[in-house]
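So the structure is just underneath, and the comments pick up after that.
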Amino acid sequence: MSERTERTERPDTSATVGTRDFLLPDLGEGLSEAEIVEWRVAVGDVVTVDQTVVEVETAKAVVDVPCPYPGRVVALHGAAGEVRPVGQPLITIAALDGEDAADPHATYREEERAGSGNVLIGYGTGHGGPGRRRRRPRLSVAPEPRTPAPADSGSGPVSPAGSSAVTGVSPGASAPDGSPAPAGRASDPARTGGPAPAPLVISPIVRRLAKERGVDLASLRGTGPGGVIRRSDVETALSAPAARLAAVPDAPDAQFAPTGDGDVVVPLTGIRKVIADKLSRSRREIPEVTIWVDVDATGLLETRTAINAATPAAPVSILALLARICLSGLRKYPQLNARVDTAGERIVQSAGVHLGIAAQTDRGLVVPVLRDAQRLTTAELAGALAETTAAARAGTLPPARLTGGTFTLNNYGVFGVDGSTPIINHPEAALLGVGRIVDKPWVVDGQLAVRKVTQLSLTFDHRVCDGGVAGGFLRHVADCVERPALLVANV
C-alpha cells in the first residue's frame, strides 16, 4: 500500500480519547473541495491555536488553513496533490499532557456550525501568480500589533478585535510562583502587575463578526467554557449599541469611540440593515459595468400628452412609458432579464419580466415588483405603478411583493440629478436609470434648438453579457425615447 493510500485511508480517530478532528472548512463561494498543496506540519509536531497547518488550492485561489485546536499532530488526512472534500477530516490533534481534552477550544465546532452563511470567515486568501506551488503571502493568521495604552491611562494594552491571540501570556512566560503558566490561561494582571489579558476568542467567525460590527472584544465577558467569547456574546452586545459605546471609551478605533455632544448614533437595524446587507452583497459579488447616453425626450413627452388627452380618466406617467420601453428592450435582449446561479454555475434567463421599481420611502429604499409585467398594457402598467409605489411608501406591501424581481427601473431624476451609477438589485443582472428631464441645447436637423433632454444609464452584470448586448439594449431604449413610433412598431 502506497504512503498516499495509507494516509488517506487512516481510520477515523475522532472517537479516540483526547483527540479531535479538524474538518476541512467551507472556504467560500460554494466551493465543495480543495487540493492539498503543502503540509506545514508533520505527525508529532506541536501546534498552537490558529497556526497554519496546510496550504490548499481551490478553484478560486490558494488558501492558508489555520487549525483552531492546540496540541500534538497525530494524523494528517491526505497527501500533497490529493483533493479533500469540505467537511471531511483534515488533521487530527491530540491534547498535550495535562491539558483537558474538553477545553474551551471545543467551542469552535459549535461556532462553526452557527456561522454566518456557509463560509468559515477568517481564512484569508493568498494572492500571487498562477503557479500552483508558489508561496503566497499569508494574510489570515498574522496577529495584529498590540496598541499601547496612553501613559497616563493606568491600564495595559488591549488586544484588537482581529487578533488571533487566545491568551495574554507570552510563550515561555511563567506564573508568579515561577512555574510555567498553563496553556490557554491568562495571567492575573492584579497579581502580576502585567498587561490585561487578551480576550479569549477561538472562532474566526466571532473575531470577524466583532470587527465588522464594531464590538470591542476586550469589553465582553465570555459565556463559553473557560470564559470563551462566543457568537451569542457579540450579538448580545449588538443589541445595546449605546451601552457598548459607553463601555469602551478607550477603544483603539476612533469610529467606535464616543464623540462630541449632540452626535446622533443610529443603529444599523431593520430595513436599513437589510438594504446595507443586500447592496454590499451586490457590490461584492457582481462585476458590474455602467454605460450611459444622453437622449432627446421631447417626443416622449409629446406622446404622453397626446395619450392623456385621449384618455383623461386613465392618465399615463412618463415612468409607465419608460417601463413599456424597457419591456420592449428585454424582449429583444433577454440576456439582461436574467440572474447568475453561482452554485449551479449557470445563467438563468427568466421567462417573464418581473419588473422592479425603485421607490424611496421614509423607511428607506425599497424595490416593489410588478410580476409578469410584459402581460400588462401601457394603461395597466401606469395603474399598477401608481398603486404599487403608493403602497410601498405607506408601508403596506407584503414581503412577497418586494422580492423576485428580474430587472429594475430606477428614476433617480426625481431627486434633481442628471446621472448615476446605481448598484444592481441582487440577484438581478441589470438596472436602467433615468435622470431628470431638463431643457438643453440640442442639434435638430443641423440646427441648434432647445429640447427636453435626459440621461439614461444601464448598469449590467458583465457575467451575463458583453458590451454588444448591453449597448444594443440601451440604444434601443434611447431610440424609443427619441422616436416613440418605434415602440409602437415593436409592441
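The way I read the labels, and the way they are meant: chains A, B, ... in the order of the C-alpha cells, residue 1 as the first residue of every chain, and ligand 1 as the first ligand shown, with later ones counted on from there.
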
### Message
For stretch 314-329 of chain A, find every residue with an atom within 10 Å (counting only C-alpha atoms), except residues of its own chain fewer than 4 positions away, and show them as number ranges by chain.
### Response
A: 300-301, 303-305, 307-310, 333-334, 336-337, 353-357, 373-386, 407-411, 431-432, 434, 472-481, 484, 486-488, 490-491

### Message
So that I can check the surroundings of stretch 281-295 of chain A, please list as a PyMOL selection string every protein, DNA and RNA residue that reaches within 7 Å of it, counting only C-alpha atoms and ignoring chain neighbours fewer than 3 positions away.
### Response
chain A and resi 277-278+421+423-426+453-462+478+482

### Query
How many Å separate atom CA of A:Ala94 from atom CA of A:Gln51?
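A separation of 15.0 Å between them.
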
### Task
Rounded to one decimal place, report the atom CA of A:Ala449-atom CA of A:Tyr412 distance in Å.
25.7 Å

### Query
Using only C-alpha atoms, which of A:Gln360, A:Ser350, A:Thr52, A:Ser219 sits nearest A:Arg393?
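Result for the nearest residue to A:Arg393: A:Gln360.
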